[in-house]
$ cat coords00.tsv   # TSV, C-alpha atoms
chain	number	residue	atom	x	y	z
A	20	MET	CA	0.00	0.00	0.00
A	21	LYS	CA	2.81	2.42	0.90
A	22	THR	CA	4.59	1.71	-2.38
A	23	THR	CA	1.37	2.31	-4.32
A	24	ARG	CA	0.89	5.69	-2.64
A	25	LEU	CA	4.49	6.72	-3.37
A	26	LEU	CA	4.24	5.77	-7.02
A	27	ALA	CA	0.94	7.59	-7.39
A	28	ALA	CA	2.32	10.73	-5.78
A	29	SER	CA	5.47	10.57	-7.88
A	30	ALA	CA	3.51	10.24	-11.09
A	31	ALA	CA	1.22	13.11	-10.14
A	32	LEU	CA	4.09	15.43	-9.32
A	33	LEU	CA	5.95	14.60	-12.50
A	34	ALA	CA	2.84	15.09	-14.59
A	35	VAL	CA	2.13	18.67	-13.53
A	36	GLY	CA	4.14	21.88	-13.97
A	37	LEU	CA	5.61	23.02	-10.67
A	38	VAL	CA	5.06	26.77	-10.99
A	39	LEU	CA	3.59	29.35	-13.26
A	40	SER	CA	5.84	32.15	-14.40
A	41	GLY	CA	4.43	34.73	-11.97
A	42	CYS	CA	7.68	36.29	-10.80
A	43	SER	CA	6.75	39.95	-10.46
A	44	ALA	CA	8.74	42.09	-8.06
A	45	THR	CA	5.60	43.58	-6.54
A	46	PRO	CA	2.84	41.94	-4.52
A	47	THR	CA	-0.19	40.72	-6.38
A	48	ALA	CA	-3.67	39.82	-5.24
A	49	PRO	CA	-4.40	36.12	-4.81
A	50	ALA	CA	-5.15	34.64	-8.18
A	51	ALA	CA	-8.24	32.57	-8.86
A	52	ASN	CA	-7.48	28.90	-8.36
A	53	ALA	CA	-6.83	27.32	-11.73
A	54	HIS	CA	-7.12	23.83	-10.22
A	55	SER	CA	-10.39	24.10	-8.24
A	56	ASP	CA	-11.37	20.59	-9.21
A	57	SER	CA	-8.28	19.03	-7.61
A	58	VAL	CA	-7.09	21.52	-4.95
A	59	VAL	CA	-8.65	22.62	-1.66
A	60	LEU	CA	-7.66	26.17	-0.65
A	61	ARG	CA	-7.79	27.35	2.94
A	62	ASN	CA	-6.59	30.94	3.17
A	63	ASP	CA	-5.60	33.16	6.08
A	64	LEU	CA	-5.14	30.45	8.69
A	65	GLN	CA	-3.44	31.69	11.85
A	66	TYR	CA	-0.40	29.66	12.85
A	67	GLY	CA	0.84	31.94	15.60
A	68	THR	CA	1.17	35.37	17.16
A	69	ALA	CA	4.35	37.39	17.61
A	70	LYS	CA	4.64	40.78	19.31
A	71	GLY	CA	0.89	41.20	18.97
A	72	GLU	CA	0.87	40.43	15.23
A	73	LYS	CA	-1.13	37.55	13.82
A	74	LEU	CA	0.93	35.18	11.68
A	75	LEU	CA	-1.03	33.72	8.78
A	76	LEU	CA	-0.62	31.12	6.07
A	77	ASN	CA	-2.50	29.80	3.06
A	78	ALA	CA	-2.97	26.05	2.70
A	79	CYS	CA	-3.22	24.36	-0.70
A	80	LEU	CA	-4.22	20.72	-0.30
A	81	PRO	CA	-4.65	17.89	-2.81
A	82	LYS	CA	-8.33	16.98	-3.04
A	83	GLY	CA	-9.07	13.34	-2.41
A	84	GLY	CA	-5.40	12.40	-2.24
A	85	ASN	CA	-3.87	9.56	-0.28
A	86	THR	CA	-2.72	10.50	3.19
A	87	PRO	CA	-0.41	11.09	4.87
A	88	THR	CA	1.16	13.27	2.20
A	89	ALA	CA	4.44	15.17	2.00
A	90	ALA	CA	4.30	18.93	2.49
A	91	VAL	CA	6.22	22.05	1.45
A	92	ILE	CA	6.35	25.40	3.25
A	93	LEU	CA	6.66	28.29	0.78
A	94	ILE	CA	8.61	31.37	1.92
A	95	HIS	CA	8.20	34.52	-0.18
A	96	GLY	CA	10.81	37.06	-1.16
A	97	GLY	CA	10.62	40.85	-1.12
A	98	GLY	CA	13.89	42.07	0.38
A	99	PHE	CA	12.64	41.34	3.92
A	100	ASP	CA	10.62	44.57	3.98
A	101	SER	CA	7.79	43.67	1.60
A	102	GLY	CA	5.78	40.75	0.29
A	103	THR	CA	3.19	38.42	1.73
A	104	LYS	CA	2.10	34.81	1.43
A	105	ASP	CA	0.21	35.96	-1.70
A	106	PHE	CA	3.35	37.60	-3.13
A	107	GLY	CA	4.11	37.24	-6.83
A	108	GLY	CA	4.23	33.64	-7.94
A	109	MET	CA	3.65	32.14	-4.48
A	110	THR	CA	-0.11	31.82	-4.98
A	111	ALA	CA	0.41	29.95	-8.24
A	112	LEU	CA	3.20	27.83	-6.75
A	113	CYS	CA	1.04	26.82	-3.79
A	114	SER	CA	-1.78	25.68	-6.06
A	115	GLU	CA	0.53	23.93	-8.52
A	116	LEU	CA	2.24	21.89	-5.82
A	117	ALA	CA	-1.10	20.76	-4.43
A	118	ASP	CA	-2.30	19.89	-7.91
A	119	GLY	CA	0.78	17.65	-8.15
A	120	GLY	CA	-0.05	15.80	-4.95
A	121	LEU	CA	1.87	17.73	-2.27
A	122	ALA	CA	0.36	19.79	0.52
A	123	ALA	CA	1.68	23.35	0.25
A	124	PHE	CA	1.62	26.14	2.83
A	125	SER	CA	2.53	29.71	1.87
A	126	VAL	CA	3.46	31.66	4.99
A	127	ASP	CA	3.64	35.24	6.15
A	128	TYR	CA	6.44	36.39	8.44
A	129	ARG	CA	7.25	39.65	10.20
A	130	LEU	CA	8.97	42.24	8.03
A	131	ALA	CA	11.90	44.62	8.41
A	132	PRO	CA	12.70	47.30	9.40
A	133	LYS	CA	10.22	46.97	12.26
A	134	PHE	CA	11.42	43.43	12.89
A	135	ALA	CA	14.98	42.22	12.32
A	136	TYR	CA	16.67	38.82	12.48
A	137	PRO	CA	15.88	36.37	14.02
A	138	ALA	CA	12.18	37.33	13.86
A	139	GLN	CA	11.71	36.02	10.31
A	140	VAL	CA	13.45	32.71	10.99
A	141	ASN	CA	11.54	32.28	14.24
A	142	ASP	CA	8.21	32.89	12.52
A	143	VAL	CA	8.71	30.30	9.79
A	144	THR	CA	10.06	27.86	12.37
A	145	ASP	CA	6.87	28.42	14.34
A	146	ALA	CA	4.87	27.59	11.20
A	147	LEU	CA	6.85	24.36	10.82
A	148	GLU	CA	6.26	23.36	14.43
A	149	TRP	CA	2.56	24.30	14.15
A	150	LEU	CA	2.17	22.02	11.14
A	151	ARG	CA	3.80	19.18	13.07
A	152	ASP	CA	1.33	19.46	15.93
A	153	PRO	CA	-0.84	16.31	15.91
A	154	ALA	CA	-3.99	18.38	15.45
A	155	GLN	CA	-2.67	20.00	12.27
A	156	VAL	CA	-1.20	16.73	10.99
A	157	ALA	CA	-4.65	15.18	11.24
A	158	LYS	CA	-6.43	18.24	9.87
A	159	PHE	CA	-4.28	18.54	6.75
A	160	GLY	CA	-3.43	14.87	6.27
A	161	ILE	CA	0.32	15.48	6.16
A	162	ASP	CA	3.32	13.41	7.15
A	163	PRO	CA	5.33	15.36	9.77
A	164	GLU	CA	8.49	13.52	8.72
A	165	ARG	CA	8.25	14.68	5.10
A	166	ILE	CA	8.12	18.48	5.26
A	167	GLY	CA	10.38	20.59	3.06
A	168	LEU	CA	11.04	24.30	2.57
A	169	PHE	CA	10.90	26.29	-0.68
A	170	GLY	CA	12.30	29.81	-0.37
A	171	SER	CA	12.73	32.58	-2.92
A	172	SER	CA	15.30	35.39	-2.50
A	173	ALA	CA	14.83	36.65	1.09
A	174	GLY	CA	12.75	33.54	1.65
A	175	ALA	CA	15.67	31.43	0.43
A	176	ILE	CA	17.85	32.87	3.19
A	177	ILE	CA	15.20	31.99	5.76
A	178	ALA	CA	14.79	28.50	4.30
A	179	SER	CA	18.55	27.91	4.28
A	180	SER	CA	18.84	29.12	7.88
A	181	ILE	CA	16.15	26.74	9.12
A	182	GLY	CA	17.56	23.93	7.01
A	183	THR	CA	21.02	24.26	8.54
A	184	ASN	CA	19.90	25.11	12.09
A	185	GLY	CA	17.49	22.20	12.48
A	186	THR	CA	18.17	19.58	15.13
A	187	GLY	CA	16.64	16.31	16.30
A	188	ASN	CA	14.53	13.97	14.23
A	189	LEU	CA	11.88	14.70	11.63
A	190	THR	CA	8.87	14.02	13.84
A	191	GLY	CA	9.05	17.30	15.73
A	192	GLY	CA	10.83	20.57	16.18
A	193	ASP	CA	12.72	22.40	13.46
A	194	ARG	CA	14.30	19.69	11.34
A	195	VAL	CA	13.16	19.56	7.70
A	196	ALA	CA	13.58	16.89	5.04
A	197	ALA	CA	14.61	19.07	2.07
A	198	VAL	CA	15.34	22.69	1.09
A	199	VAL	CA	14.84	24.44	-2.25
A	200	ALA	CA	16.58	27.83	-2.25
A	201	LEU	CA	16.26	30.22	-5.19
A	202	SER	CA	18.95	32.96	-5.14
A	203	PRO	CA	20.06	32.64	-1.50
A	204	ALA	CA	22.70	34.78	0.17
A	205	VAL	CA	24.32	32.49	2.72
A	206	ASP	CA	27.27	34.48	4.09
A	207	LEU	CA	25.91	37.72	5.56
A	208	THR	CA	29.14	38.74	7.25
A	209	GLU	CA	31.75	41.25	6.14
A	210	THR	CA	33.63	38.29	4.63
A	211	GLY	CA	30.57	37.56	2.52
A	212	LEU	CA	31.04	40.88	0.72
A	213	LEU	CA	34.15	39.35	-0.87
A	214	LEU	CA	32.06	36.67	-2.57
A	215	GLY	CA	31.56	38.16	-6.00
A	216	ASP	CA	30.25	41.69	-6.46
A	217	PRO	CA	27.04	42.09	-4.44
A	218	SER	CA	24.62	44.77	-5.60
A	219	LYS	CA	23.84	47.78	-3.44
A	220	ILE	CA	20.22	46.64	-3.32
A	221	ALA	CA	21.21	43.24	-1.95
A	222	ILE	CA	23.56	44.78	0.62
A	223	ALA	CA	20.89	47.21	1.83
A	224	SER	CA	18.32	44.41	2.16
A	225	ILE	CA	20.68	42.23	4.18
A	226	LEU	CA	21.67	45.05	6.53
A	227	GLN	CA	18.01	45.84	7.11
A	228	TYR	CA	17.35	42.17	7.85
A	229	LEU	CA	20.23	42.14	10.34
A	230	GLY	CA	19.15	45.42	11.92
A	231	CYS	CA	22.60	46.91	11.37
A	232	ASP	CA	24.11	49.92	9.65
A	233	GLU	CA	27.26	48.09	8.56
A	234	PHE	CA	28.52	44.51	8.49
A	235	ARG	CA	31.67	45.21	10.51
A	236	ALA	CA	29.68	46.16	13.60
A	237	CYS	CA	26.86	43.65	13.28
A	238	PRO	CA	26.75	41.02	16.05
A	239	ASN	CA	24.00	39.01	14.34
A	240	ALA	CA	25.76	38.64	10.99
A	241	ARG	CA	27.45	35.28	11.56
A	242	ASP	CA	24.51	33.68	13.38
A	243	ALA	CA	22.22	34.76	10.53
A	244	SER	CA	24.51	33.23	7.89
A	245	PRO	CA	23.45	29.68	6.90
A	246	LEU	CA	26.94	28.98	5.58
A	247	TYR	CA	28.38	28.81	9.10
A	248	SER	CA	25.73	26.40	10.38
A	249	VAL	CA	26.30	23.63	7.83
A	250	ASP	CA	26.85	20.16	9.32
A	251	PRO	CA	26.47	16.53	8.20
A	252	THR	CA	22.90	16.25	9.57
A	253	ASP	CA	21.52	18.94	7.23
A	254	PRO	CA	18.85	17.99	4.66
A	255	PRO	CA	19.46	17.81	0.91
A	256	PHE	CA	19.55	21.21	-0.81
A	257	TYR	CA	18.58	22.39	-4.27
A	258	ILE	CA	20.12	25.81	-5.00
A	259	ALA	CA	19.32	27.77	-8.15
A	260	MET	CA	20.98	31.04	-9.20
A	261	SER	CA	21.99	33.08	-12.25
A	262	LYS	CA	25.55	33.93	-13.15
A	263	LYS	CA	24.99	37.70	-13.04
A	264	GLU	CA	21.99	38.27	-10.82
A	265	LEU	CA	21.19	40.36	-7.74
A	266	VAL	CA	22.92	37.86	-5.42
A	267	PRO	CA	26.46	36.86	-6.49
A	268	VAL	CA	26.63	33.30	-7.74
A	269	GLU	CA	29.65	32.85	-5.49
A	270	GLN	CA	27.24	32.77	-2.55
A	271	GLY	CA	25.52	29.70	-3.93
A	272	GLN	CA	28.84	28.13	-4.83
A	273	ALA	CA	30.12	28.62	-1.28
A	274	MET	CA	27.03	26.93	0.13
A	275	ALA	CA	27.25	24.02	-2.29
A	276	SER	CA	30.93	23.52	-1.41
A	277	ALA	CA	30.22	23.59	2.32
A	278	LEU	CA	27.40	21.06	2.04
A	279	THR	CA	29.44	18.78	-0.21
A	280	ALA	CA	32.37	18.91	2.20
A	281	VAL	CA	30.26	17.39	4.99
A	282	GLY	CA	28.51	14.85	2.77
A	283	VAL	CA	25.12	16.54	2.37
A	284	PRO	CA	23.54	16.04	-1.08
A	285	VAL	CA	23.26	19.32	-2.95
A	286	THR	CA	22.30	20.38	-6.45
A	287	LEU	CA	23.65	23.73	-7.65
A	288	ASP	CA	21.76	24.85	-10.74
A	289	VAL	CA	23.43	27.92	-12.27
A	290	LYS	CA	21.67	29.66	-15.14
A	291	PRO	CA	23.09	32.15	-17.63
A	292	GLY	CA	21.92	35.74	-17.48
A	293	GLU	CA	20.50	37.91	-14.71
A	294	ARG	CA	17.25	36.24	-13.66
A	295	HIS	CA	16.61	36.25	-9.92
A	296	ALA	CA	14.61	33.98	-7.61
A	297	LEU	CA	11.28	32.83	-9.12
A	298	GLU	CA	12.38	34.19	-12.49
A	299	LEU	CA	14.83	31.28	-12.62
A	300	LEU	CA	12.08	28.72	-12.99
A	301	ASN	CA	12.23	27.75	-16.63
A	302	GLU	CA	10.91	24.35	-17.63
A	303	ALA	CA	14.26	22.60	-17.13
A	304	THR	CA	14.62	23.93	-13.59
A	305	ARG	CA	11.01	23.12	-12.80
A	306	ALA	CA	11.56	19.53	-13.93
A	307	SER	CA	14.72	19.25	-11.82
A	308	ILE	CA	12.94	20.59	-8.73
A	309	ARG	CA	10.03	18.23	-9.28
A	310	GLN	CA	12.46	15.31	-9.27
A	311	PHE	CA	14.27	16.69	-6.21
A	312	LEU	CA	10.99	16.87	-4.28
A	313	ILE	CA	10.02	13.38	-5.37
A	314	ASP	CA	13.37	11.94	-4.30
A	315	ASN	CA	13.57	13.73	-0.97
A	316	LEU	CA	9.96	14.11	0.16
A	317	VAL	CA	7.69	11.73	-1.72
A	318	LYS	CA	10.07	8.74	-1.68
A	319	SER	CA	12.04	9.70	1.41
A	320	SER	CA	12.70	7.25	4.22
A	321	THR	CA	12.67	8.14	7.91
A	322	ARG	CA	15.77	9.81	9.32
A	323	THR	CA	16.62	9.73	13.01
A	324	ASP	CA	19.74	11.89	13.20

$ encode --input "coords00.tsv" --output "structure tokens"
Amino acid sequence: MKTTRLLAASAALLAVGLVLSGCSATPTAPAANAHSDSVVLRNDLQYGTAKGEKLLLNACLPKGGNTPTAAVILIHGGGFDSGTKDFGGMTALCSELADGGLAAFSVDYRLAPKFAYPAQVNDVTDALEWLRDPAQVAKFGIDPERIGLFGSSAGAIIASSIGTNGTGNLTGGDRVAAVVALSPAVDLTETGLLLGDPSKIAIASILQYLGCDEFRACPNARDASPLYSVDPTDPPFYIAMSKKELVPVEQGQAMASALTAVGVPVTLDVKPGERHALELLNEATRASIRQFLIDNLVKSSTRTD
């Protein structure tokens, strides 16, 4: 029975496109669900409260699918000071993943400059732990051991941080089974400025996230850098970047090297040109990510480290 469910989920995910090409740099209103016959949408669910602010997510669930199913938490971009769970292509991505047989959850998190690191990481970690609560596992029909993260731009930094900070087993807490990171900056220290030629926009966004005026006098910079948290227990990573985009490709290369050095499976998908984050998702990349999710979520076996 388990094998039948895995094969069915694999076939469904391979058969459907992973994302639409909605990669605008400005927020958009939630799009009408193009898969209403196969996807159940539950919007504006509260997963927590932080500093008096409600933290919300949208759930996109396969209709009539076999349970328990693997799940993906979607983390939007926006330079840490803008964007929502309905940002750009996230609405389409959420629906597309569910149409392919995965439960998807697009999350809000607190924004800079009002809130600085680690607020954003803490919020998404809270969403992960909320989803693993037995009540939510039963409600959504998900497998708490097969939850991955999919982050874009600023969201990719958050996803990479949670992916490398996670401890314990996959049944609780903050460990995840896989990370997809589109255009992540992973070294946010002064040393990280030597990795390629970071744009002024990227530098300003990172400093705002860190709550600092400069990297040299920023006590949070190293703790906020996923690169320095890499260890052999980290989940598999899929990193996609462009050669000449907003975030230097050297950031992705440094992360891939660090993961490889400790034996963690990693795919580094470098594209020509200047496309950033969700703009990277051409058909070839979409197919590669589909296979990555199948291998590491749909077909994954239990880990206990």

$ atom_distance --input "coords00.tsv" --atom1 "atom CA of A:Ile308" --atom2 "atom CA of A:Ala123"
14.7 Å

$ closest_atom_pairs --input "coords00.tsv" --of "stretch 160-248 of chain A" --to "stretch 132-154 of chain A" --cutoff "10 Å" --atoms "all atoms listed in the file" --output "Markdown table"
| residue | atom | partner | partner_atom | distance |
| --- | --- | --- | --- | --- |
| A:Gly160 | CA | A:Ala154 | CA | 9.8 |
| A:Ile161 | CA | A:Leu150 | CA | 8.4 |
| A:Asp162 | CA | A:Arg151 | CA | 8.3 |
| A:Pro163 | CA | A:Arg151 | CA | 5.3 |
| A:Glu164 | CA | A:Arg151 | CA | 8.5 |
| A:Ile166 | CA | A:Leu147 | CA | 8.2 |
| A:Gly167 | CA | A:Leu147 | CA | 9.3 |
| A:Leu168 | CA | A:Leu147 | CA | 9.3 |
| A:Ala173 | CA | A:Gln139 | CA | 9.8 |
| A:Gly174 | CA | A:Gln139 | CA | 9.1 |
| A:Ile176 | CA | A:Val140 | CA | 9.0 |
| A:Ile177 | CA | A:Val140 | CA | 5.6 |
| A:Ala178 | CA | A:Val140 | CA | 8.0 |
| A:Ser179 | CA | A:Val140 | CA | 9.7 |
| A:Ser180 | CA | A:Val140 | CA | 7.2 |
| A:Ile181 | CA | A:Val140 | CA | 6.8 |
| A:Gly185 | CA | A:Thr144 | CA | 9.3 |
| A:Leu189 | CA | A:Arg151 | CA | 9.4 |
| A:Thr190 | CA | A:Arg151 | CA | 7.3 |
| A:Gly191 | CA | A:Arg151 | CA | 6.2 |
| A:Gly192 | CA | A:Glu148 | CA | 5.6 |
| A:Asp193 | CA | A:Thr144 | CA | 6.2 |
| A:Arg194 | CA | A:Leu147 | CA | 8.8 |
| A:Val195 | CA | A:Leu147 | CA | 8.5 |
| A:Ser224 | CA | A:Pro132 | CA | 9.6 |
| A:Ile225 | CA | A:Tyr136 | CA | 9.8 |
| A:Leu226 | CA | A:Ala135 | CA | 9.3 |
| A:Gln227 | CA | A:Pro132 | CA | 6.0 |
| A:Tyr228 | CA | A:Ala135 | CA | 5.1 |
| A:Leu229 | CA | A:Tyr136 | CA | 5.3 |
| A:Gly230 | CA | A:Ala135 | CA | 5.3 |
| A:Cys231 | CA | A:Ala135 | CA | 9.0 |
| A:Asn239 | CA | A:Tyr136 | CA | 7.6 |
| A:Ala240 | CA | A:Tyr136 | CA | 9.2 |
| A:Asp242 | CA | A:Pro137 | CA | 9.1 |
| A:Ala243 | CA | A:Tyr136 | CA | 7.1 |

$ closest_residue --input "coords00.tsv" --among "A:Ile258, A:Val317, A:Gly83, A:Gln65" --to "A:Leu121" --atoms "only C-alpha atoms"
A:Val317

$ atom_distance --input "coords00.tsv" --atom1 "atom CA of A:Met274" --atom2 "atom CA of A:Glu115"
28.0 Å

$ atom_distance --input "coords00.tsv" --atom1 "atom CA of A:Asp232" --atom2 "atom CA of A:Gly98"
15.9 Å

$ closest_residue --input "coords00.tsv" --among "A:Glu233, A:Glu264, A:Asp253, A:Glu72" --to "A:Arg129" --atoms "all atoms listed in the file"
A:Glu72

$ closest_residue --input "coords00.tsv" --among "A:Gly119, A:Gly170, A:Pro251, A:Pro238" --to "A:Asn184" --atoms "all atoms listed in the file"
A:Pro251

$ residues_near_point --input "coords00.tsv" --point "(4.8, 21.3, 0.5)" --cutoff "10 Å" --atoms "all atoms listed in the file" --output "list in words"
Ala78, Cys79, Leu80, Thr88, Ala89, Ala90, Val91, Ile92, Leu93, Leu112, Cys113, Leu116, Ala117, Gly120, Leu121, Ala122, Ala123, Phe124, Ser125, Ile161, Arg165, Ile166, Gly167, Leu168, Phe169, Leu312 and Leu316 of chain A

$ closest_residue --input "coords00.tsv" --among "A:Val249, A:Val281, A:Met260, A:Pro87" --to "A:Ala157" --atoms "all atoms listed in the file"
A:Pro87

$ residues_around --input "coords00.tsv" --residues "A:Val126" --least-positions-apart "4" --cutoff "7 Å" --atoms "only C-alpha atoms" --output "MDAnalysis selection string"
chainID A and resid 75:77 93:94 104

$ closest_residue --input "coords00.tsv" --among "A:Leu214, A:Leu130, A:Leu297, A:Ala259" --to "A:Phe99" --atoms "only C-alpha atoms"
A:Leu130

$ decode --input "coords00.tsv" --residues "stretch 112-121 of chain A" --atoms "all heavy atoms" --output "PDB file, in the first residue's frame"
ATOM      1  N   LEU A 112       2.351  28.938  -7.183  1.00  0.00           N
ATOM      2  CA  LEU A 112       3.198  27.832  -6.748  1.00  0.00           C
ATOM      3  C   LEU A 112       2.471  26.944  -5.749  1.00  0.00           C
ATOM      4  O   LEU A 112       2.530  25.712  -5.824  1.00  0.00           O
ATOM      5  CB  LEU A 112       4.485  28.373  -6.138  1.00  0.00           C
ATOM      6  CG  LEU A 112       5.466  27.380  -5.529  1.00  0.00           C
ATOM      7  CD1 LEU A 112       5.884  26.342  -6.548  1.00  0.00           C
ATOM      8  CD2 LEU A 112       6.672  28.106  -4.965  1.00  0.00           C
ATOM      9  N   CYS A 113       1.780  27.564  -4.805  1.00  0.00           N
ATOM     10  CA  CYS A 113       1.043  26.824  -3.793  1.00  0.00           C
ATOM     11  C   CYS A 113       0.012  25.908  -4.449  1.00  0.00           C
ATOM     12  O   CYS A 113      -0.071  24.710  -4.152  1.00  0.00           O
ATOM     13  CB  CYS A 113       0.355  27.805  -2.844  1.00  0.00           C
ATOM     14  SG  CYS A 113      -0.436  27.066  -1.404  1.00  0.00           S
ATOM     15  N   SER A 114      -0.755  26.456  -5.378  1.00  0.00           N
ATOM     16  CA  SER A 114      -1.784  25.680  -6.058  1.00  0.00           C
ATOM     17  C   SER A 114      -1.187  24.589  -6.933  1.00  0.00           C
ATOM     18  O   SER A 114      -1.685  23.459  -6.983  1.00  0.00           O
ATOM     19  CB  SER A 114      -2.667  26.608  -6.902  1.00  0.00           C
ATOM     20  OG  SER A 114      -3.719  25.908  -7.509  1.00  0.00           O
ATOM     21  N   GLU A 115      -0.099  24.908  -7.619  1.00  0.00           N
ATOM     22  CA  GLU A 115       0.529  23.930  -8.518  1.00  0.00           C
ATOM     23  C   GLU A 115       1.083  22.735  -7.755  1.00  0.00           C
ATOM     24  O   GLU A 115       0.960  21.585  -8.192  1.00  0.00           O
ATOM     25  CB  GLU A 115       1.641  24.595  -9.321  1.00  0.00           C
ATOM     26  CG  GLU A 115       1.161  25.577 -10.365  1.00  0.00           C
ATOM     27  CD  GLU A 115       0.610  24.896 -11.607  1.00  0.00           C
ATOM     28  OE1 GLU A 115       0.856  23.686 -11.780  1.00  0.00           O
ATOM     29  OE2 GLU A 115      -0.064  25.571 -12.394  1.00  0.00           O
ATOM     30  N   LEU A 116       1.703  22.997  -6.612  1.00  0.00           N
ATOM     31  CA  LEU A 116       2.243  21.894  -5.822  1.00  0.00           C
ATOM     32  C   LEU A 116       1.128  20.970  -5.343  1.00  0.00           C
ATOM     33  O   LEU A 116       1.255  19.743  -5.385  1.00  0.00           O
ATOM     34  CB  LEU A 116       3.021  22.440  -4.624  1.00  0.00           C
ATOM     35  CG  LEU A 116       4.423  22.983  -4.918  1.00  0.00           C
ATOM     36  CD1 LEU A 116       4.959  23.736  -3.713  1.00  0.00           C
ATOM     37  CD2 LEU A 116       5.387  21.882  -5.317  1.00  0.00           C
ATOM     38  N   ALA A 117       0.029  21.569  -4.893  1.00  0.00           N
ATOM     39  CA  ALA A 117      -1.096  20.755  -4.431  1.00  0.00           C
ATOM     40  C   ALA A 117      -1.710  19.973  -5.583  1.00  0.00           C
ATOM     41  O   ALA A 117      -2.116  18.820  -5.417  1.00  0.00           O
ATOM     42  CB  ALA A 117      -2.144  21.646  -3.770  1.00  0.00           C
ATOM     43  N   ASP A 118      -1.768  20.582  -6.748  1.00  0.00           N
ATOM     44  CA  ASP A 118      -2.299  19.894  -7.911  1.00  0.00           C
ATOM     45  C   ASP A 118      -1.427  18.690  -8.268  1.00  0.00           C
ATOM     46  O   ASP A 118      -1.894  17.715  -8.849  1.00  0.00           O
ATOM     47  CB  ASP A 118      -2.378  20.867  -9.093  1.00  0.00           C
ATOM     48  CG  ASP A 118      -3.186  20.305 -10.250  1.00  0.00           C
ATOM     49  OD1 ASP A 118      -4.321  19.855 -10.004  1.00  0.00           O
ATOM     50  OD2 ASP A 118      -2.690  20.306 -11.388  1.00  0.00           O
ATOM     51  N   GLY A 119      -0.143  18.756  -7.899  1.00  0.00           N
ATOM     52  CA  GLY A 119       0.776  17.653  -8.147  1.00  0.00           C
ATOM     53  C   GLY A 119       0.844  16.638  -7.028  1.00  0.00           C
ATOM     54  O   GLY A 119       1.647  15.717  -7.088  1.00  0.00           O
ATOM     55  N   GLY A 120       0.030  16.814  -5.982  1.00  0.00           N
ATOM     56  CA  GLY A 120      -0.046  15.802  -4.946  1.00  0.00           C
ATOM     57  C   GLY A 120       0.637  16.129  -3.636  1.00  0.00           C
ATOM     58  O   GLY A 120       0.646  15.305  -2.714  1.00  0.00           O
ATOM     59  N   LEU A 121       1.238  17.321  -3.517  1.00  0.00           N
ATOM     60  CA  LEU A 121       1.874  17.731  -2.270  1.00  0.00           C
ATOM     61  C   LEU A 121       1.008  18.763  -1.562  1.00  0.00           C
ATOM     62  O   LEU A 121       0.377  19.603  -2.203  1.00  0.00           O
ATOM     63  CB  LEU A 121       3.252  18.351  -2.532  1.00  0.00           C
ATOM     64  CG  LEU A 121       4.336  17.440  -3.097  1.00  0.00           C
ATOM     65  CD1 LEU A 121       5.594  18.250  -3.350  1.00  0.00           C
ATOM     66  CD2 LEU A 121       4.631  16.306  -2.143  1.00  0.00           C
TER      67      LEU A 121
END
